>>> print(open('model.cif').read())   # mmCIF, N, CA and C atoms
data_target
#
loop_
_atom_site.label_atom_id
_atom_site.label_comp_id
_atom_site.auth_asym_id
_atom_site.auth_seq_id
_atom_site.Cartn_x
_atom_site.Cartn_y
_atom_site.Cartn_z
N MET A 1 105.41 85.06 138.19
CA MET A 1 106.60 85.46 137.46
C MET A 1 106.84 84.52 136.29
N LEU A 2 106.70 83.24 136.51
CA LEU A 2 106.90 82.27 135.43
C LEU A 2 105.93 82.53 134.29
N LEU A 3 104.71 82.86 134.60
CA LEU A 3 103.72 83.13 133.56
C LEU A 3 104.14 84.32 132.70
N ALA A 4 104.78 85.31 133.31
CA ALA A 4 105.22 86.48 132.55
C ALA A 4 106.36 86.11 131.61
N LEU A 5 107.17 85.14 131.98
CA LEU A 5 108.30 84.76 131.15
C LEU A 5 107.89 83.88 129.97
N LEU A 6 106.87 83.07 130.13
CA LEU A 6 106.49 82.14 129.07
C LEU A 6 106.10 82.82 127.77
N PRO A 7 105.25 83.85 127.75
CA PRO A 7 104.92 84.47 126.48
C PRO A 7 106.14 85.08 125.80
N ALA A 8 107.01 85.71 126.58
CA ALA A 8 108.21 86.31 125.99
C ALA A 8 109.11 85.24 125.41
N ALA A 9 109.27 84.14 126.13
CA ALA A 9 110.11 83.06 125.64
C ALA A 9 109.54 82.46 124.36
N ALA A 10 108.25 82.30 124.30
CA ALA A 10 107.62 81.75 123.10
C ALA A 10 107.81 82.70 121.92
N GLN A 11 107.63 83.98 122.16
CA GLN A 11 107.81 84.95 121.08
C GLN A 11 109.26 85.03 120.65
N ALA A 12 110.20 84.89 121.60
CA ALA A 12 111.62 84.99 121.28
C ALA A 12 112.02 83.91 120.29
N GLN A 13 111.43 82.71 120.40
CA GLN A 13 111.76 81.62 119.50
C GLN A 13 111.33 81.94 118.07
N GLU A 14 110.32 82.76 117.91
CA GLU A 14 109.81 83.11 116.58
C GLU A 14 110.45 84.38 116.03
N ALA A 15 111.38 84.98 116.76
CA ALA A 15 111.97 86.26 116.38
C ALA A 15 112.86 86.12 115.15
N THR A 16 112.82 87.14 114.30
CA THR A 16 113.68 87.22 113.12
C THR A 16 115.00 87.85 113.52
N LEU A 17 116.10 87.19 113.20
CA LEU A 17 117.42 87.73 113.49
C LEU A 17 117.73 88.85 112.49
N LEU A 18 117.98 90.04 113.02
CA LEU A 18 118.27 91.19 112.16
C LEU A 18 119.78 91.33 111.97
N PRO A 19 120.23 91.56 110.74
CA PRO A 19 121.65 91.84 110.53
C PRO A 19 121.93 93.27 111.00
N PRO A 20 123.16 93.57 111.38
CA PRO A 20 123.46 94.93 111.84
C PRO A 20 123.34 95.97 110.73
N ASP A 21 122.70 97.06 111.06
CA ASP A 21 122.65 98.27 110.22
C ASP A 21 122.00 98.08 108.85
N LYS A 22 121.17 97.07 108.69
CA LYS A 22 120.48 96.83 107.42
C LYS A 22 118.98 96.71 107.68
N PRO A 23 118.19 97.58 107.08
CA PRO A 23 116.73 97.47 107.24
C PRO A 23 116.21 96.13 106.70
N VAL A 24 115.32 95.51 107.46
CA VAL A 24 114.70 94.24 107.09
C VAL A 24 113.20 94.37 107.36
N THR A 25 112.39 93.83 106.47
CA THR A 25 110.95 93.84 106.69
C THR A 25 110.55 92.56 107.40
N VAL A 26 109.90 92.73 108.56
CA VAL A 26 109.45 91.62 109.40
C VAL A 26 107.95 91.76 109.57
N ALA A 27 107.19 90.81 109.04
CA ALA A 27 105.72 90.83 109.14
C ALA A 27 105.15 92.16 108.66
N GLY A 28 105.73 92.71 107.60
CA GLY A 28 105.24 93.96 107.04
C GLY A 28 105.76 95.22 107.71
N VAL A 29 106.63 95.08 108.71
CA VAL A 29 107.18 96.22 109.43
C VAL A 29 108.69 96.27 109.17
N GLU A 30 109.18 97.43 108.74
CA GLU A 30 110.61 97.59 108.54
C GLU A 30 111.28 97.78 109.89
N ALA A 31 112.37 97.03 110.13
CA ALA A 31 113.11 97.11 111.38
C ALA A 31 114.60 97.14 111.10
N VAL A 32 115.35 97.79 112.00
CA VAL A 32 116.80 97.87 111.87
C VAL A 32 117.42 97.61 113.24
N CYS A 33 118.44 96.77 113.26
CA CYS A 33 119.25 96.53 114.46
C CYS A 33 120.51 97.36 114.30
N THR A 34 120.77 98.27 115.22
CA THR A 34 121.91 99.17 115.07
C THR A 34 122.39 99.66 116.43
N GLY A 35 123.28 100.63 116.42
CA GLY A 35 123.73 101.26 117.65
C GLY A 35 125.08 100.81 118.15
N ILE A 36 125.76 99.91 117.42
CA ILE A 36 127.10 99.49 117.84
C ILE A 36 128.10 100.43 117.20
N GLY A 37 128.74 101.23 118.00
CA GLY A 37 129.73 102.19 117.51
C GLY A 37 129.11 103.54 117.18
N SER A 38 129.92 104.56 117.24
CA SER A 38 129.42 105.92 117.03
C SER A 38 128.95 106.15 115.59
N ASP A 39 129.58 105.52 114.60
CA ASP A 39 129.13 105.70 113.22
C ASP A 39 127.69 105.22 113.06
N ALA A 40 127.38 104.08 113.63
CA ALA A 40 126.01 103.55 113.54
C ALA A 40 125.04 104.44 114.30
N ARG A 41 125.44 104.91 115.47
CA ARG A 41 124.54 105.74 116.27
C ARG A 41 124.30 107.11 115.65
N GLU A 42 125.24 107.58 114.85
CA GLU A 42 125.11 108.91 114.25
C GLU A 42 124.54 108.88 112.83
N ASN A 43 124.15 107.72 112.35
CA ASN A 43 123.61 107.61 111.00
C ASN A 43 122.31 108.41 110.90
N PRO A 44 122.24 109.42 110.03
CA PRO A 44 121.04 110.25 109.94
C PRO A 44 119.80 109.51 109.42
N LEU A 45 119.98 108.38 108.77
CA LEU A 45 118.83 107.62 108.27
C LEU A 45 117.93 107.13 109.41
N TRP A 46 118.52 106.85 110.57
CA TRP A 46 117.77 106.25 111.67
C TRP A 46 116.74 107.21 112.26
N ALA A 47 116.90 108.51 112.08
CA ALA A 47 115.94 109.48 112.62
C ALA A 47 114.57 109.39 111.94
N SER A 48 114.51 108.78 110.78
CA SER A 48 113.23 108.68 110.06
C SER A 48 112.33 107.55 110.58
N TYR A 49 112.84 106.71 111.48
CA TYR A 49 112.04 105.61 112.02
C TYR A 49 111.19 106.12 113.18
N PRO A 50 109.88 105.89 113.15
CA PRO A 50 108.99 106.43 114.18
C PRO A 50 109.20 105.87 115.59
N LEU A 51 109.76 104.65 115.71
CA LEU A 51 109.95 104.06 117.04
C LEU A 51 111.38 103.58 117.20
N LYS A 52 112.02 104.09 118.24
CA LYS A 52 113.39 103.70 118.57
C LYS A 52 113.38 103.05 119.95
N VAL A 53 113.88 101.82 120.00
CA VAL A 53 113.97 101.09 121.26
C VAL A 53 115.46 100.96 121.61
N GLU A 54 115.83 101.43 122.79
CA GLU A 54 117.19 101.29 123.28
C GLU A 54 117.18 100.27 124.41
N VAL A 55 118.23 99.46 124.49
CA VAL A 55 118.32 98.42 125.50
C VAL A 55 119.55 98.71 126.36
N ALA A 56 119.32 98.84 127.67
CA ALA A 56 120.41 99.20 128.58
C ALA A 56 120.44 98.28 129.79
N GLY A 57 121.65 98.07 130.29
CA GLY A 57 121.84 97.26 131.48
C GLY A 57 122.32 98.11 132.65
N GLN A 58 123.01 97.46 133.54
CA GLN A 58 123.52 98.09 134.75
C GLN A 58 124.35 99.32 134.41
N GLY A 59 124.10 100.41 135.09
CA GLY A 59 124.86 101.64 134.87
C GLY A 59 124.55 102.32 133.55
N GLY A 60 123.51 101.88 132.86
CA GLY A 60 123.15 102.49 131.59
C GLY A 60 123.94 101.98 130.40
N HIS A 61 124.80 100.96 130.61
CA HIS A 61 125.57 100.40 129.50
C HIS A 61 124.62 99.76 128.49
N TYR A 62 124.93 99.97 127.22
CA TYR A 62 124.12 99.36 126.18
C TYR A 62 124.26 97.85 126.22
N LEU A 63 123.16 97.17 125.90
CA LEU A 63 123.14 95.71 125.82
C LEU A 63 122.77 95.27 124.41
N GLY A 64 123.26 94.13 124.02
CA GLY A 64 122.86 93.52 122.76
C GLY A 64 122.32 92.13 123.03
N ASP A 65 122.16 91.36 121.99
CA ASP A 65 121.63 90.00 122.08
C ASP A 65 120.30 89.99 122.82
N VAL A 66 119.36 90.74 122.26
CA VAL A 66 118.06 90.89 122.88
C VAL A 66 116.96 90.53 121.88
N HIS A 67 115.91 89.91 122.40
CA HIS A 67 114.70 89.65 121.61
C HIS A 67 113.73 90.78 121.95
N VAL A 68 113.19 91.42 120.94
CA VAL A 68 112.23 92.51 121.16
C VAL A 68 110.95 92.19 120.40
N THR A 69 109.84 92.31 121.10
CA THR A 69 108.53 92.10 120.49
C THR A 69 107.73 93.39 120.63
N VAL A 70 107.19 93.85 119.50
CA VAL A 70 106.30 95.01 119.49
C VAL A 70 104.90 94.49 119.21
N SER A 71 103.98 94.88 120.07
CA SER A 71 102.60 94.43 119.87
C SER A 71 101.64 95.60 119.98
N GLN A 72 100.47 95.41 119.40
CA GLN A 72 99.42 96.42 119.44
C GLN A 72 98.11 95.67 119.60
N GLU A 73 97.33 96.08 120.60
CA GLU A 73 96.06 95.42 120.88
C GLU A 73 96.23 93.90 121.00
N ARG A 74 97.26 93.49 121.73
CA ARG A 74 97.57 92.09 122.02
C ARG A 74 97.94 91.25 120.79
N LYS A 75 98.24 91.90 119.69
CA LYS A 75 98.69 91.19 118.49
C LYS A 75 100.14 91.58 118.22
N THR A 76 100.97 90.59 117.94
CA THR A 76 102.38 90.87 117.64
C THR A 76 102.49 91.57 116.31
N VAL A 77 103.17 92.71 116.33
CA VAL A 77 103.42 93.49 115.11
C VAL A 77 104.74 93.04 114.51
N ALA A 78 105.76 92.87 115.35
CA ALA A 78 107.08 92.41 114.90
C ALA A 78 107.80 91.78 116.09
N ALA A 79 108.54 90.71 115.82
CA ALA A 79 109.38 90.05 116.83
C ALA A 79 110.75 89.86 116.20
N VAL A 80 111.77 90.45 116.84
CA VAL A 80 113.11 90.43 116.27
C VAL A 80 114.15 90.10 117.32
N LYS A 81 115.31 89.65 116.84
CA LYS A 81 116.48 89.46 117.69
C LYS A 81 117.56 90.37 117.14
N CYS A 82 118.20 91.12 118.06
CA CYS A 82 119.19 92.11 117.65
C CYS A 82 120.46 91.95 118.47
N SER A 83 121.60 92.03 117.81
CA SER A 83 122.88 91.94 118.51
C SER A 83 123.32 93.30 119.05
N GLY A 84 122.65 94.37 118.63
CA GLY A 84 123.02 95.71 119.07
C GLY A 84 122.05 96.28 120.08
N PRO A 85 122.33 97.49 120.56
CA PRO A 85 121.51 98.09 121.60
C PRO A 85 120.31 98.91 121.12
N TRP A 86 120.22 99.16 119.82
CA TRP A 86 119.09 99.94 119.29
C TRP A 86 118.33 99.09 118.29
N ILE A 87 117.01 99.14 118.39
CA ILE A 87 116.15 98.52 117.38
C ILE A 87 115.16 99.59 116.94
N LEU A 88 115.12 99.84 115.66
CA LEU A 88 114.25 100.86 115.08
C LEU A 88 113.14 100.18 114.31
N PHE A 89 111.94 100.74 114.45
CA PHE A 89 110.77 100.17 113.77
C PHE A 89 110.04 101.26 113.00
N ARG A 90 109.67 100.94 111.77
CA ARG A 90 108.85 101.84 110.96
C ARG A 90 107.40 101.37 111.11
N VAL A 91 106.75 101.89 112.14
CA VAL A 91 105.37 101.52 112.45
C VAL A 91 104.48 102.75 112.31
N PRO A 92 103.19 102.54 112.03
CA PRO A 92 102.26 103.67 111.97
C PRO A 92 102.02 104.26 113.36
N ALA A 93 101.49 105.47 113.37
CA ALA A 93 101.15 106.12 114.63
C ALA A 93 100.19 105.23 115.42
N GLY A 94 100.36 105.22 116.74
CA GLY A 94 99.49 104.43 117.59
C GLY A 94 100.16 104.08 118.90
N ARG A 95 99.46 103.30 119.71
CA ARG A 95 99.98 102.82 120.99
C ARG A 95 100.50 101.40 120.81
N TYR A 96 101.67 101.15 121.39
CA TYR A 96 102.31 99.84 121.27
C TYR A 96 102.82 99.39 122.63
N ARG A 97 102.98 98.09 122.74
CA ARG A 97 103.63 97.49 123.90
C ARG A 97 104.94 96.90 123.38
N VAL A 98 106.04 97.22 124.05
CA VAL A 98 107.34 96.72 123.64
C VAL A 98 107.89 95.87 124.78
N GLU A 99 108.29 94.66 124.43
CA GLU A 99 108.82 93.73 125.43
C GLU A 99 110.17 93.23 124.97
N GLY A 100 111.13 93.21 125.90
CA GLY A 100 112.46 92.71 125.60
C GLY A 100 112.81 91.53 126.48
N LEU A 101 113.61 90.64 125.94
CA LEU A 101 114.06 89.46 126.66
C LEU A 101 115.56 89.30 126.42
N THR A 102 116.33 89.27 127.50
CA THR A 102 117.76 89.01 127.40
C THR A 102 118.22 88.32 128.68
N GLU A 103 119.11 87.38 128.54
CA GLU A 103 119.67 86.65 129.67
C GLU A 103 118.57 86.10 130.60
N GLY A 104 117.43 85.71 130.03
CA GLY A 104 116.33 85.16 130.80
C GLY A 104 115.50 86.19 131.55
N LEU A 105 115.79 87.46 131.36
CA LEU A 105 115.06 88.54 132.02
C LEU A 105 114.19 89.28 131.02
N THR A 106 113.06 89.80 131.50
CA THR A 106 112.19 90.58 130.62
C THR A 106 112.06 92.00 131.13
N ALA A 107 111.83 92.89 130.21
CA ALA A 107 111.51 94.29 130.52
C ALA A 107 110.49 94.72 129.48
N SER A 108 109.59 95.61 129.88
CA SER A 108 108.57 96.05 128.93
C SER A 108 108.25 97.52 129.15
N SER A 109 107.65 98.11 128.13
CA SER A 109 107.28 99.51 128.19
C SER A 109 106.17 99.76 127.19
N SER A 110 105.39 100.78 127.46
CA SER A 110 104.41 101.25 126.48
C SER A 110 105.09 102.29 125.60
N ALA A 111 104.65 102.38 124.37
CA ALA A 111 105.19 103.37 123.45
C ALA A 111 104.03 104.04 122.72
N LEU A 112 104.08 105.34 122.66
CA LEU A 112 103.10 106.12 121.92
C LEU A 112 103.83 106.73 120.73
N VAL A 113 103.45 106.30 119.53
CA VAL A 113 104.10 106.75 118.30
C VAL A 113 103.19 107.78 117.63
N PHE A 114 103.78 108.90 117.25
CA PHE A 114 103.03 109.99 116.63
C PHE A 114 103.22 109.98 115.12
N GLU A 115 102.41 110.78 114.41
CA GLU A 115 102.51 110.89 112.95
C GLU A 115 103.87 111.41 112.51
N LYS A 116 104.45 112.33 113.30
CA LYS A 116 105.74 112.93 112.96
C LYS A 116 106.70 112.77 114.13
N GLY A 117 107.98 112.71 113.81
CA GLY A 117 109.00 112.60 114.84
C GLY A 117 109.28 111.15 115.21
N GLN A 118 110.12 111.00 116.22
CA GLN A 118 110.53 109.67 116.66
C GLN A 118 110.23 109.49 118.14
N SER A 119 109.56 108.41 118.47
CA SER A 119 109.31 108.05 119.86
C SER A 119 110.45 107.16 120.31
N ARG A 120 110.96 107.40 121.51
CA ARG A 120 112.10 106.65 122.03
C ARG A 120 111.74 106.05 123.37
N ILE A 121 111.98 104.75 123.50
CA ILE A 121 111.82 104.11 124.80
C ILE A 121 113.12 103.38 125.13
N ILE A 122 113.33 103.19 126.42
CA ILE A 122 114.51 102.46 126.88
C ILE A 122 114.03 101.26 127.69
N LEU A 123 114.44 100.08 127.26
CA LEU A 123 114.18 98.87 128.03
C LEU A 123 115.39 98.68 128.94
N ARG A 124 115.15 98.71 130.24
CA ARG A 124 116.26 98.63 131.21
C ARG A 124 116.30 97.26 131.88
N PHE A 125 117.51 96.72 131.92
CA PHE A 125 117.79 95.45 132.59
C PHE A 125 118.88 95.73 133.63
N PRO A 126 118.52 96.29 134.79
CA PRO A 126 119.52 96.77 135.74
C PRO A 126 120.39 95.68 136.37
N SER A 127 119.99 94.43 136.30
CA SER A 127 120.82 93.39 136.91
C SER A 127 121.78 92.74 135.92
N THR A 128 121.81 93.25 134.68
CA THR A 128 122.77 92.73 133.69
C THR A 128 123.91 93.71 133.54
N ASP A 129 125.11 93.20 133.29
CA ASP A 129 126.25 94.11 133.22
C ASP A 129 126.99 94.07 131.89
N GLY A 130 126.47 93.34 130.92
CA GLY A 130 127.13 93.30 129.62
C GLY A 130 126.99 94.61 128.90
N GLN A 131 127.85 94.83 127.94
CA GLN A 131 127.72 96.02 127.11
C GLN A 131 128.22 95.69 125.72
N THR A 132 127.63 96.33 124.74
CA THR A 132 128.01 96.06 123.36
C THR A 132 128.99 97.08 122.83
N SER A 133 129.10 98.21 123.50
CA SER A 133 130.02 99.24 123.02
C SER A 133 130.45 100.12 124.17
N VAL A 134 131.50 100.86 123.94
CA VAL A 134 132.00 101.78 124.95
C VAL A 134 131.14 103.02 124.96
N PRO A 135 130.66 103.45 126.14
CA PRO A 135 129.79 104.62 126.19
C PRO A 135 130.49 105.88 125.70
N GLU A 136 129.71 106.73 125.09
CA GLU A 136 130.22 108.01 124.62
C GLU A 136 130.06 109.04 125.73
N THR A 137 130.96 109.99 125.76
CA THR A 137 130.86 111.13 126.67
C THR A 137 130.89 112.38 125.81
N PRO A 138 130.63 113.55 126.38
CA PRO A 138 130.74 114.78 125.58
C PRO A 138 132.14 114.99 125.02
N HIS A 139 133.12 114.31 125.61
CA HIS A 139 134.51 114.48 125.18
C HIS A 139 135.02 113.30 124.36
N GLY A 140 134.15 112.42 123.93
CA GLY A 140 134.55 111.28 123.10
C GLY A 140 134.39 109.96 123.85
N ARG A 141 135.06 108.95 123.35
CA ARG A 141 134.91 107.61 123.91
C ARG A 141 135.59 107.49 125.26
N GLN A 142 135.06 106.63 126.10
CA GLN A 142 135.65 106.32 127.39
C GLN A 142 136.40 105.00 127.27
N ASP A 143 137.56 105.03 126.67
CA ASP A 143 138.33 103.81 126.48
C ASP A 143 139.35 103.59 127.58
N GLY A 144 139.42 104.49 128.53
CA GLY A 144 140.45 104.38 129.57
C GLY A 144 141.58 105.32 129.25
N PRO A 145 142.69 105.20 129.96
CA PRO A 145 143.81 106.11 129.77
C PRO A 145 144.37 106.03 128.35
N ALA A 146 144.79 107.16 127.87
CA ALA A 146 145.38 107.22 126.52
C ALA A 146 146.71 106.47 126.50
N GLN A 147 146.95 105.75 125.43
CA GLN A 147 148.22 105.04 125.26
C GLN A 147 149.18 105.93 124.49
N LYS A 148 150.42 105.97 124.91
CA LYS A 148 151.43 106.80 124.21
C LYS A 148 152.31 105.93 123.37
#
>>> encode(input="model.cif", output="structure tokens")
Amino acid sequence: MLLALLPAAAQAQEATLLPPDKPVTVAGVEAVCTGIGSDARENPLWASYPLKVEVAGQGGHYLGDVHVTVSQERKTVAAVKCSGPWILFRVPAGRYRVEGLTEGLTASSSALVFEKGQSRIILRFPSTDGQTSVPETPHGRQDGPAQK
């Protein structure tokens, strides 16, 4: 287990901190940290990114403050730190490995990116309970009882 954490921790130290909702080029790959609030999640520009990584904790709540590394054929393509629950990458079609690190825990997934459309993966951290935003429902935000 310790061996699995060391590469992620080393990569996390080299991660580029992404500002919210602003595309940044990292090692030749455009990346965006977003997803905090419904306006950010509904931005139509984000659909043009071929790879969307969502980060979720206990109960499916969105998590932020995560280091995400995208690699291909054991080479790091991009390593970023994001305060929000979505990280978008403009990468060419291909197979990728996506690894996330938050609160000392790691999660990883394979991603297959196609020439057209958007591939979506979810990195799940079920033992974490933080959230960056209030979950949306079909009827709007779940903020609790309405105040009069």
>>> residues_near_point(input="model.cif", point="(112.1, 98.1, 107.4)", cutoff="12 Å", atoms="only C-alpha atoms", output="list of chain:residue names")
A:Leu18, A:Pro19, A:Asp21, A:Lys22, A:Pro23, A:Val24, A:Thr25, A:Val26, A:Ala27, A:Gly28, A:Val29, A:Glu30, A:Ala31, A:Val32, A:Cys33, A:Leu45, A:Trp46, A:Ser48, A:Tyr49, A:Pro50, A:Leu51, A:Ala78, A:Val80, A:Ile87, A:Leu88, A:Phe89, A:Arg90, A:Val91
>>> write_last_selection(input="model.cif", atoms="N, CA and C atoms", output="PDB file, in the coordinates of the input")
ATOM      1  N   LEU A  18     117.980  90.040 113.020  1.00  0.00           N
ATOM      2  CA  LEU A  18     118.270  91.190 112.160  1.00  0.00           C
ATOM      3  C   LEU A  18     119.780  91.330 111.970  1.00  0.00           C
ATOM      4  N   PRO A  19     120.230  91.560 110.740  1.00  0.00           N
ATOM      5  CA  PRO A  19     121.650  91.840 110.530  1.00  0.00           C
ATOM      6  C   PRO A  19     121.930  93.270 111.000  1.00  0.00           C
ATOM      7  N   ASP A  21     122.700  97.060 111.060  1.00  0.00           N
ATOM      8  CA  ASP A  21     122.650  98.270 110.220  1.00  0.00           C
ATOM      9  C   ASP A  21     122.000  98.080 108.850  1.00  0.00           C
ATOM     10  N   LYS A  22     121.170  97.070 108.690  1.00  0.00           N
ATOM     11  CA  LYS A  22     120.480  96.830 107.420  1.00  0.00           C
ATOM     12  C   LYS A  22     118.980  96.710 107.680  1.00  0.00           C
ATOM     13  N   PRO A  23     118.190  97.580 107.080  1.00  0.00           N
ATOM     14  CA  PRO A  23     116.730  97.470 107.240  1.00  0.00           C
ATOM     15  C   PRO A  23     116.210  96.130 106.700  1.00  0.00           C
ATOM     16  N   VAL A  24     115.320  95.510 107.460  1.00  0.00           N
ATOM     17  CA  VAL A  24     114.700  94.240 107.090  1.00  0.00           C
ATOM     18  C   VAL A  24     113.200  94.370 107.360  1.00  0.00           C
ATOM     19  N   THR A  25     112.390  93.830 106.470  1.00  0.00           N
ATOM     20  CA  THR A  25     110.950  93.840 106.690  1.00  0.00           C
ATOM     21  C   THR A  25     110.550  92.560 107.400  1.00  0.00           C
ATOM     22  N   VAL A  26     109.900  92.730 108.560  1.00  0.00           N
ATOM     23  CA  VAL A  26     109.450  91.620 109.400  1.00  0.00           C
ATOM     24  C   VAL A  26     107.950  91.760 109.570  1.00  0.00           C
ATOM     25  N   ALA A  27     107.190  90.810 109.040  1.00  0.00           N
ATOM     26  CA  ALA A  27     105.720  90.830 109.140  1.00  0.00           C
ATOM     27  C   ALA A  27     105.150  92.160 108.660  1.00  0.00           C
ATOM     28  N   GLY A  28     105.730  92.710 107.600  1.00  0.00           N
ATOM     29  CA  GLY A  28     105.240  93.960 107.040  1.00  0.00           C
ATOM     30  C   GLY A  28     105.760  95.220 107.710  1.00  0.00           C
ATOM     31  N   VAL A  29     106.630  95.080 108.710  1.00  0.00           N
ATOM     32  CA  VAL A  29     107.180  96.220 109.430  1.00  0.00           C
ATOM     33  C   VAL A  29     108.690  96.270 109.170  1.00  0.00           C
ATOM     34  N   GLU A  30     109.180  97.430 108.740  1.00  0.00           N
ATOM     35  CA  GLU A  30     110.610  97.590 108.540  1.00  0.00           C
ATOM     36  C   GLU A  30     111.280  97.780 109.890  1.00  0.00           C
ATOM     37  N   ALA A  31     112.370  97.030 110.130  1.00  0.00           N
ATOM     38  CA  ALA A  31     113.110  97.110 111.380  1.00  0.00           C
ATOM     39  C   ALA A  31     114.600  97.140 111.100  1.00  0.00           C
ATOM     40  N   VAL A  32     115.350  97.790 112.000  1.00  0.00           N
ATOM     41  CA  VAL A  32     116.800  97.870 111.870  1.00  0.00           C
ATOM     42  C   VAL A  32     117.420  97.610 113.240  1.00  0.00           C
ATOM     43  N   CYS A  33     118.440  96.770 113.260  1.00  0.00           N
ATOM     44  CA  CYS A  33     119.250  96.530 114.460  1.00  0.00           C
ATOM     45  C   CYS A  33     120.510  97.360 114.300  1.00  0.00           C
ATOM     46  N   LEU A  45     119.980 108.380 108.770  1.00  0.00           N
ATOM     47  CA  LEU A  45     118.830 107.620 108.270  1.00  0.00           C
ATOM     48  C   LEU A  45     117.930 107.130 109.410  1.00  0.00           C
ATOM     49  N   TRP A  46     118.520 106.850 110.570  1.00  0.00           N
ATOM     50  CA  TRP A  46     117.770 106.250 111.670  1.00  0.00           C
ATOM     51  C   TRP A  46     116.740 107.210 112.260  1.00  0.00           C
ATOM     52  N   SER A  48     114.510 108.780 110.780  1.00  0.00           N
ATOM     53  CA  SER A  48     113.230 108.680 110.060  1.00  0.00           C
ATOM     54  C   SER A  48     112.330 107.550 110.580  1.00  0.00           C
ATOM     55  N   TYR A  49     112.840 106.710 111.480  1.00  0.00           N
ATOM     56  CA  TYR A  49     112.040 105.610 112.020  1.00  0.00           C
ATOM     57  C   TYR A  49     111.190 106.120 113.180  1.00  0.00           C
ATOM     58  N   PRO A  50     109.880 105.890 113.150  1.00  0.00           N
ATOM     59  CA  PRO A  50     108.990 106.430 114.180  1.00  0.00           C
ATOM     60  C   PRO A  50     109.200 105.870 115.590  1.00  0.00           C
ATOM     61  N   LEU A  51     109.760 104.650 115.710  1.00  0.00           N
ATOM     62  CA  LEU A  51     109.950 104.060 117.040  1.00  0.00           C
ATOM     63  C   LEU A  51     111.380 103.580 117.200  1.00  0.00           C
ATOM     64  N   ALA A  78     105.760  92.870 115.350  1.00  0.00           N
ATOM     65  CA  ALA A  78     107.080  92.410 114.900  1.00  0.00           C
ATOM     66  C   ALA A  78     107.800  91.780 116.090  1.00  0.00           C
ATOM     67  N   VAL A  80     111.770  90.450 116.840  1.00  0.00           N
ATOM     68  CA  VAL A  80     113.110  90.430 116.270  1.00  0.00           C
ATOM     69  C   VAL A  80     114.150  90.100 117.320  1.00  0.00           C
ATOM     70  N   ILE A  87     117.010  99.140 118.390  1.00  0.00           N
ATOM     71  CA  ILE A  87     116.150  98.520 117.380  1.00  0.00           C
ATOM     72  C   ILE A  87     115.160  99.590 116.940  1.00  0.00           C
ATOM     73  N   LEU A  88     115.120  99.840 115.660  1.00  0.00           N
ATOM     74  CA  LEU A  88     114.250 100.860 115.080  1.00  0.00           C
ATOM     75  C   LEU A  88     113.140 100.180 114.310  1.00  0.00           C
ATOM     76  N   PHE A  89     111.940 100.740 114.450  1.00  0.00           N
ATOM     77  CA  PHE A  89     110.770 100.170 113.770  1.00  0.00           C
ATOM     78  C   PHE A  89     110.040 101.260 113.000  1.00  0.00           C
ATOM     79  N   ARG A  90     109.670 100.940 111.770  1.00  0.00           N
ATOM     80  CA  ARG A  90     108.850 101.840 110.960  1.00  0.00           C
ATOM     81  C   ARG A  90     107.400 101.370 111.110  1.00  0.00           C
ATOM     82  N   VAL A  91     106.750 101.890 112.140  1.00  0.00           N
ATOM     83  CA  VAL A  91     105.370 101.520 112.450  1.00  0.00           C
ATOM     84  C   VAL A  91     104.480 102.750 112.310  1.00  0.00           C
TER      85      VAL A  91
END
>>> select_by_dssp(input="model.cif", residues="range 28-136 of chain A", states="strand (DSSP E)", output="VMD selection string")
chain A and resid 29 to 34 51 to 56 66 to 72 75 to 82 86 to 90 94 to 102 105 to 113 119 to 124 136
>>> resolve_selection(input="model.cif", expression="the PyMOL selection byres (((chain A and resi 98-111 and name CA) around 6) and name CA)", output="list in words")
Val66, His67, Val68, Thr69, Val70, Arg95, Tyr96, Arg97, Leu112 and Leu123 of chain A
>>> residues_near_point(input="model.cif", point="(113.4, 103.2, 125.3)", cutoff="6 Å", atoms="only C-alpha atoms", output="VMD selection string")
chain A and resid 53 to 54 120 to 123
>>> resolve_selection(input="model.cif", expression="the PyMOL selection byres (((chain A and resi 83 and name CA) around 8) and name CA)", output="list in words")
Leu18, Pro20, Cys33, Gly64, Asp65, Val66, Lys81, Cys82, Gly84 and Pro85 of chain A
>>> resolve_selection(input="model.cif", expression="the PyMOL selection byres ((chain A and resi 117) around 6.5)", output="PyMOL selection string")
chain A and resi 47+49-50+114-116+118-119
>>> atom_distance(input="model.cif", atom1="atom N of Val113 in chain A", atom2="atom N of Ala93 in chain A")
6.5 Å
>>> atom_distance(input="model.cif", atom1="CA of Val55 in chain A", atom2="CA of Ser127 in chain A")
12.7 Å
>>> residues_around(input="model.cif", residues="Gly57 in chain A", least_positions_apart="5", cutoff="6.5 Å", atoms="all atoms listed in the file", output="JSON, numbers by chain")
{"A": [62, 63, 123, 124, 125, 126, 127, 128, 129, 130]}
